[in-house]
Amino acid sequence: MVWVSDPLVQKITDLYQKISALDDLRPSETVDSLFSQLVLLCIPPHPIDVTHLSADVQEIRHHLIRLCGQAESLLEFHFSAILSQFPLPIEKLSIFPYYSNYINLSRLECALLRRHSSAPRRLAFVGSGPLPLTSIVLAKYHLKSTVFYNFDIDADANSAAAQLIAADSDLSRRMSFITQDIMDVPAAVLREYDVVFLAALVGMDIEEKMNVIDHLAVNMAPGAVLMLRSAHGARAFLYPVVEPRHLKGFEVLSVFHPTDEVINSVVVARRCEKPGHLVSGGQALLCSKCAGIESFNALSLIGEVGVDDHIC
C-alpha cells in the first residue's frame, strides 16, 4: 500500500523493533536515546496519511503509541519522584527534559481557548498523571483564578502529583486530584466544568477515545468547551489522531497543527445544545452544527497563533 516503502516509515519501523525488544521502559541511556531518535524522526512536517498505511504498519503504529504512552508515564513518575525531594518542587520543574514543550503547548492552548471562551471558573483535566505540567503551567501563568480538577485512574499518579503542589499555597488551594475513570463521572459532576481538557493518551486508540468523547458529549454542560490533543503527519506514530468527524455532539471551533517542537495538534470544540447522542423516539437529534460535522474541513491552521506570542 501507499507509504510502505517510504524511508520515514522504514526508519520508524526499525526503531519500533528496537523499542519493542526492550525489557524495561523506565528512563535509561538506551531508552532515552531510542525515544529521542523516534521523536526527532517524527517532528518534521511530512505529508504521510496514516489511514493509508498497510495493515502490518498500522499494527506497528498502534503498538508504538502504547509503548510511547508507557514510557511517557514512567518518565513522569521518575521526574515526579525527583522533584518531590525539593522543598518547593514547582520552582524546579525545568529539570524535566520536555518542560519547554509544555510551556509552549500550554501557551498555544490558552491562546486558542481565549479565542472562543472567557477564562473558565472550573476546569477538568482528564489524564493528568504523576507530573501534571499542563495544569500547573496553566494555573500558574495563564488561568490564575481557575479551579482545576485533575482526573486520573491511577491513585499513585494522583498522590505523586499532589505532593508536587503541596508546598505552593495558591496551587494547593486551586487544584484537586481525583482518582476516578472519567467514564464513571456522571453528568451532575461534568456539567460543573466550563472547560474539559482531554490528555493525548486518554484512549490509546480511536475506539477507546471515541467512547470517552461520546460520554463527554452526553454529559458535559451545553456550551462547555472541550480541548483535545491530537497528532498530524508522522507525529501520528507517537499519539492517537482525533479528527473533527469523531466529535459528534460538538461544534469544532479550531484545529491547529504546529510545525515546531510542540508535538501535539490542538482541537477546540464546544458541546452542542442538542448532541446527536440524545435520542427521541429512536431518532437522533442533531443541531445544525453537529449535523454538518462530517463535512467539516479540518484545515491546518498553521500560524493562526504563534506559540511565542503570549496573549493570555
# chains A, B, ... in the order shown; residues from 1 in each chain; ligands from 1

call {"tool": "closest_atom_pairs", "arguments": {"of": "segment 156-193 of chain A", "to": "segment 222-235 of chain A", "cutoff": "10 Å", "atoms": "only C-alpha atoms", "output": "CSV"}}
result
residue,atom,partner,partner_atom,distance
A:Leu190,CA,A:Ala224,CA,9.8
A:Arg191,CA,A:Pro222,CA,8.1
A:Glu192,CA,A:Ala224,CA,9.3
A:Tyr193,CA,A:Ala224,CA,7.2

call {"tool": "select_by_dssp", "arguments": {"residues": "segment 75-154 of chain A", "states": "alpha helix (DSSP H)", "output": "VMD selection string"}}
result
chain A and resid 75 to 83 99 to 116 133 to 137

call {"tool": "write_last_selection", "arguments": {"atoms": "N, CA and C atoms", "output": "JSON list (two decimals), in the first residue's frame"}}
result
[["chain", "number", "residue", "atom", "x", "y", "z"],
["A", 75, "LEU", "N", 8.50, 7.96, 32.64],
["A", 75, "LEU", "CA", 9.36, 9.14, 32.69],
["A", 75, "LEU", "C", 8.79, 10.17, 33.66],
["A", 76, "GLU", "N", 7.46, 10.37, 33.62],
["A", 76, "GLU", "CA", 6.84, 11.34, 34.51],
["A", 76, "GLU", "C", 6.93, 10.90, 35.97],
["A", 77, "PHE", "N", 6.72, 9.61, 36.23],
["A", 77, "PHE", "CA", 6.87, 9.11, 37.60],
["A", 77, "PHE", "C", 8.30, 9.33, 38.09],
["A", 78, "HIS", "N", 9.26, 9.08, 37.21],
["A", 78, "HIS", "CA", 10.68, 9.23, 37.56],
["A", 78, "HIS", "C", 11.00, 10.67, 37.98],
["A", 79, "PHE", "N", 10.56, 11.62, 37.17],
["A", 79, "PHE", "CA", 10.88, 13.02, 37.47],
["A", 79, "PHE", "C", 9.99, 13.59, 38.58],
["A", 80, "SER", "N", 8.80, 13.06, 38.71],
["A", 80, "SER", "CA", 7.96, 13.50, 39.82],
["A", 80, "SER", "C", 8.60, 13.12, 41.15],
["A", 81, "ALA", "N", 9.19, 11.92, 41.19],
["A", 81, "ALA", "CA", 9.88, 11.48, 42.42],
["A", 81, "ALA", "C", 11.09, 12.35, 42.71],
["A", 82, "ILE", "N", 11.83, 12.72, 41.67],
["A", 82, "ILE", "CA", 12.99, 13.60, 41.86],
["A", 82, "ILE", "C", 12.55, 14.97, 42.36],
["A", 83, "LEU", "N", 11.52, 15.53, 41.72],
["A", 83, "LEU", "CA", 11.05, 16.86, 42.09],
["A", 83, "LEU", "C", 10.51, 16.91, 43.50],
["A", 99, "TYR", "N", 10.06, 20.14, 29.50],
["A", 99, "TYR", "CA", 9.34, 21.23, 30.14],
["A", 99, "TYR", "C", 9.03, 22.37, 29.16],
["A", 100, "SER", "N", 10.00, 22.74, 28.34],
["A", 100, "SER", "CA", 9.78, 23.84, 27.39],
["A", 100, "SER", "C", 8.67, 23.51, 26.40],
["A", 101, "ASN", "N", 8.55, 22.23, 26.07],
["A", 101, "ASN", "CA", 7.46, 21.80, 25.19],
["A", 101, "ASN", "C", 6.11, 22.08, 25.84],
["A", 102, "TYR", "N", 5.99, 21.77, 27.13],
["A", 102, "TYR", "CA", 4.74, 22.01, 27.85],
["A", 102, "TYR", "C", 4.47, 23.50, 27.99],
["A", 103, "ILE", "N", 5.51, 24.28, 28.18],
["A", 103, "ILE", "CA", 5.33, 25.74, 28.26],
["A", 103, "ILE", "C", 4.72, 26.26, 26.96],
["A", 104, "ASN", "N", 5.29, 25.84, 25.83],
["A", 104, "ASN", "CA", 4.80, 26.30, 24.54],
["A", 104, "ASN", "C", 3.42, 25.75, 24.20],
["A", 105, "LEU", "N", 3.20, 24.47, 24.52],
["A", 105, "LEU", "CA", 1.89, 23.88, 24.24],
["A", 105, "LEU", "C", 0.80, 24.53, 25.08],
["A", 106, "SER", "N", 1.07, 24.78, 26.35],
["A", 106, "SER", "CA", 0.08, 25.42, 27.21],
["A", 106, "SER", "C", -0.21, 26.84, 26.77],
["A", 107, "ARG", "N", 0.83, 27.54, 26.32],
["A", 107, "ARG", "CA", 0.64, 28.89, 25.80],
["A", 107, "ARG", "C", -0.26, 28.88, 24.57],
["A", 108, "LEU", "N", 0.00, 27.91, 23.70],
["A", 108, "LEU", "CA", -0.81, 27.77, 22.49],
["A", 108, "LEU", "C", -2.25, 27.42, 22.84],
["A", 109, "GLU", "N", -2.44, 26.46, 23.73],
["A", 109, "GLU", "CA", -3.79, 26.04, 24.09],
["A", 109, "GLU", "C", -4.56, 27.17, 24.77],
["A", 110, "CYS", "N", -3.88, 27.92, 25.61],
["A", 110, "CYS", "CA", -4.53, 29.04, 26.27],
["A", 110, "CYS", "C", -4.96, 30.11, 25.26],
["A", 111, "ALA", "N", -4.10, 30.38, 24.30],
["A", 111, "ALA", "CA", -4.42, 31.38, 23.27],
["A", 111, "ALA", "C", -5.63, 30.95, 22.46],
["A", 112, "LEU", "N", -5.67, 29.66, 22.09],
["A", 112, "LEU", "CA", -6.82, 29.15, 21.34],
["A", 112, "LEU", "C", -8.09, 29.18, 22.19],
["A", 113, "LEU", "N", -7.97, 28.80, 23.45],
["A", 113, "LEU", "CA", -9.13, 28.82, 24.34],
["A", 113, "LEU", "C", -9.68, 30.23, 24.48],
["A", 114, "ARG", "N", -8.80, 31.20, 24.65],
["A", 114, "ARG", "CA", -9.25, 32.58, 24.83],
["A", 114, "ARG", "C", -9.94, 33.14, 23.59],
["A", 115, "ARG", "N", -9.69, 32.54, 22.43],
["A", 115, "ARG", "CA", -10.37, 32.99, 21.21],
["A", 115, "ARG", "C", -11.84, 32.57, 21.20],
["A", 116, "HIS", "N", -12.17, 31.57, 21.99],
["A", 116, "HIS", "CA", -13.52, 31.00, 21.92],
["A", 116, "HIS", "C", -14.25, 31.00, 23.26],
["A", 133, "LEU", "N", 1.95, 18.77, 34.35],
["A", 133, "LEU", "CA", 2.57, 20.03, 33.92],
["A", 133, "LEU", "C", 1.59, 20.98, 33.26],
["A", 134, "THR", "N", 0.67, 20.46, 32.45],
["A", 134, "THR", "CA", -0.28, 21.35, 31.79],
["A", 134, "THR", "C", -1.11, 22.11, 32.81],
["A", 135, "SER", "N", -1.68, 21.39, 33.76],
["A", 135, "SER", "CA", -2.50, 22.05, 34.79],
["A", 135, "SER", "C", -1.67, 23.06, 35.58],
["A", 136, "ILE", "N", -0.46, 22.68, 35.94],
["A", 136, "ILE", "CA", 0.40, 23.57, 36.73],
["A", 136, "ILE", "C", 0.75, 24.83, 35.95],
["A", 137, "VAL", "N", 1.17, 24.66, 34.69],
["A", 137, "VAL", "CA", 1.56, 25.81, 33.88],
["A", 137, "VAL", "C", 0.36, 26.73, 33.61]]

call {"tool": "select_by_dssp", "arguments": {"residues": "segment 62-145 of chain A", "states": "strand (DSSP E)", "output": "list in words"}}
result
Arg122, Leu123, Ala124, Phe125 and Val126 of chain A

call {"tool": "write_last_selection", "arguments": {"atoms": "N, CA, C and O atoms", "output": "mmCIF file, in the first residue's frame"}}
result
data_model
loop_
_atom_site.group_PDB
_atom_site.id
_atom_site.type_symbol
_atom_site.label_atom_id
_atom_site.label_comp_id
_atom_site.auth_asym_id
_atom_site.auth_seq_id
_atom_site.Cartn_x
_atom_site.Cartn_y
_atom_site.Cartn_z
ATOM 1 N N ARG A 122 -14.112 26.804 36.455
ATOM 2 C CA ARG A 122 -13.783 25.437 36.863
ATOM 3 C C ARG A 122 -13.342 24.658 35.633
ATOM 4 O O ARG A 122 -14.044 24.656 34.609
ATOM 5 N N LEU A 123 -12.218 24.000 35.724
ATOM 6 C CA LEU A 123 -11.637 23.269 34.598
ATOM 7 C C LEU A 123 -11.294 21.842 35.030
ATOM 8 O O LEU A 123 -10.701 21.633 36.093
ATOM 9 N N ALA A 124 -11.673 20.868 34.205
ATOM 10 C CA ALA A 124 -11.314 19.475 34.466
ATOM 11 C C ALA A 124 -10.233 19.050 33.484
ATOM 12 O O ALA A 124 -10.334 19.321 32.285
ATOM 13 N N PHE A 125 -9.195 18.404 34.021
ATOM 14 C CA PHE A 125 -8.147 17.846 33.157
ATOM 15 C C PHE A 125 -8.186 16.329 33.325
ATOM 16 O O PHE A 125 -7.971 15.813 34.425
ATOM 17 N N VAL A 126 -8.443 15.635 32.223
ATOM 18 C CA VAL A 126 -8.614 14.181 32.255
ATOM 19 C C VAL A 126 -7.317 13.508 31.809
ATOM 20 O O VAL A 126 -6.856 13.718 30.685
#

call {"tool": "atom_distance", "arguments": {"atom1": "atom CA of His142 of chain A", "atom2": "atom CA of Val185 of chain A"}}
result
26.7 Å

call {"tool": "residues_around", "arguments": {"residues": "segment 201-207 of chain A", "least_positions_apart": "4", "cutoff": "8 Å", "atoms": "only C-alpha atoms", "output": "PyMOL selection string"}}
result
chain A and resi 62+65-66+69+126-127+211-212+239-242

call {"tool": "atom_distance", "arguments": {"atom1": "atom CA of Leu138 of chain A", "atom2": "atom CA of Val262 of chain A"}}
result
16.0 Å

call {"tool": "closest_residue", "arguments": {"among": "A:Val189, A:Leu143, A:Gln85, A:Asp214", "to": "Leu164 of chain A", "atoms": "only C-alpha atoms"}}
result
A:Gln85

call {"tool": "residues_around", "arguments": {"residues": "segment 23-31 of chain A", "least_positions_apart": "2", "cutoff": "8 Å", "atoms": "only C-alpha atoms", "output": "PyMOL selection string"}}
result
chain A and resi 19+21+33-35+70-71+74-75+78

call {"tool": "write_last_selection", "arguments": {"atoms": "C-alpha atoms", "output": "mmCIF file, in the first residue's frame"}}
result
data_model
loop_
_atom_site.group_PDB
_atom_site.id
_atom_site.type_symbol
_atom_site.label_atom_id
_atom_site.label_comp_id
_atom_site.auth_asym_id
_atom_site.auth_seq_id
_atom_site.Cartn_x
_atom_site.Cartn_y
_atom_site.Cartn_z
ATOM 1 C CA ILE A 19 11.958 -0.327 21.355
ATOM 2 C CA ALA A 21 12.529 -5.600 22.240
ATOM 3 C CA SER A 33 18.211 7.509 23.181
ATOM 4 C CA LEU A 34 15.680 5.379 21.280
ATOM 5 C CA PHE A 35 12.676 7.547 22.125
ATOM 6 C CA GLN A 70 4.030 3.557 28.865
ATOM 7 C CA ALA A 71 7.446 5.187 28.536
ATOM 8 C CA LEU A 74 7.364 6.029 33.580
ATOM 9 C CA LEU A 75 9.361 9.144 32.693
ATOM 10 C CA HIS A 78 10.680 9.226 37.564
#

call {"tool": "residues_around", "arguments": {"residues": "Val252 of chain A", "least_positions_apart": "3", "cutoff": "8 Å", "atoms": "only C-alpha atoms", "output": "ChimeraX atom specification"}}
result
/A:244,247,255,267-270,293

call {"tool": "atom_distance", "arguments": {"atom1": "atom CA of Ile165 of chain A", "atom2": "atom CA of Pro89 of chain A"}}
result
7.2 Å

call {"tool": "closest_residue", "arguments": {"among": "A:Ala161, A:Lys209, A:Leu64, A:Pro120", "to": "His246 of chain A", "atoms": "only C-alpha atoms"}}
result
A:Lys209

call {"tool": "residues_around", "arguments": {"residues": "Gln17 of chain A", "least_positions_apart": "4", "cutoff": "12 Å", "atoms": "only C-alpha atoms", "output": "JSON, numbers by chain"}}
result
{"A": [10, 11, 12, 13, 21, 22, 34, 38, 57, 60, 61, 63, 64, 67]}

call {"tool": "closest_residue", "arguments": {"among": "A:Gln37, A:Thr179, A:Thr146, A:Asn158", "to": "Gly129 of chain A", "atoms": "only C-alpha atoms"}}
result
A:Asn158
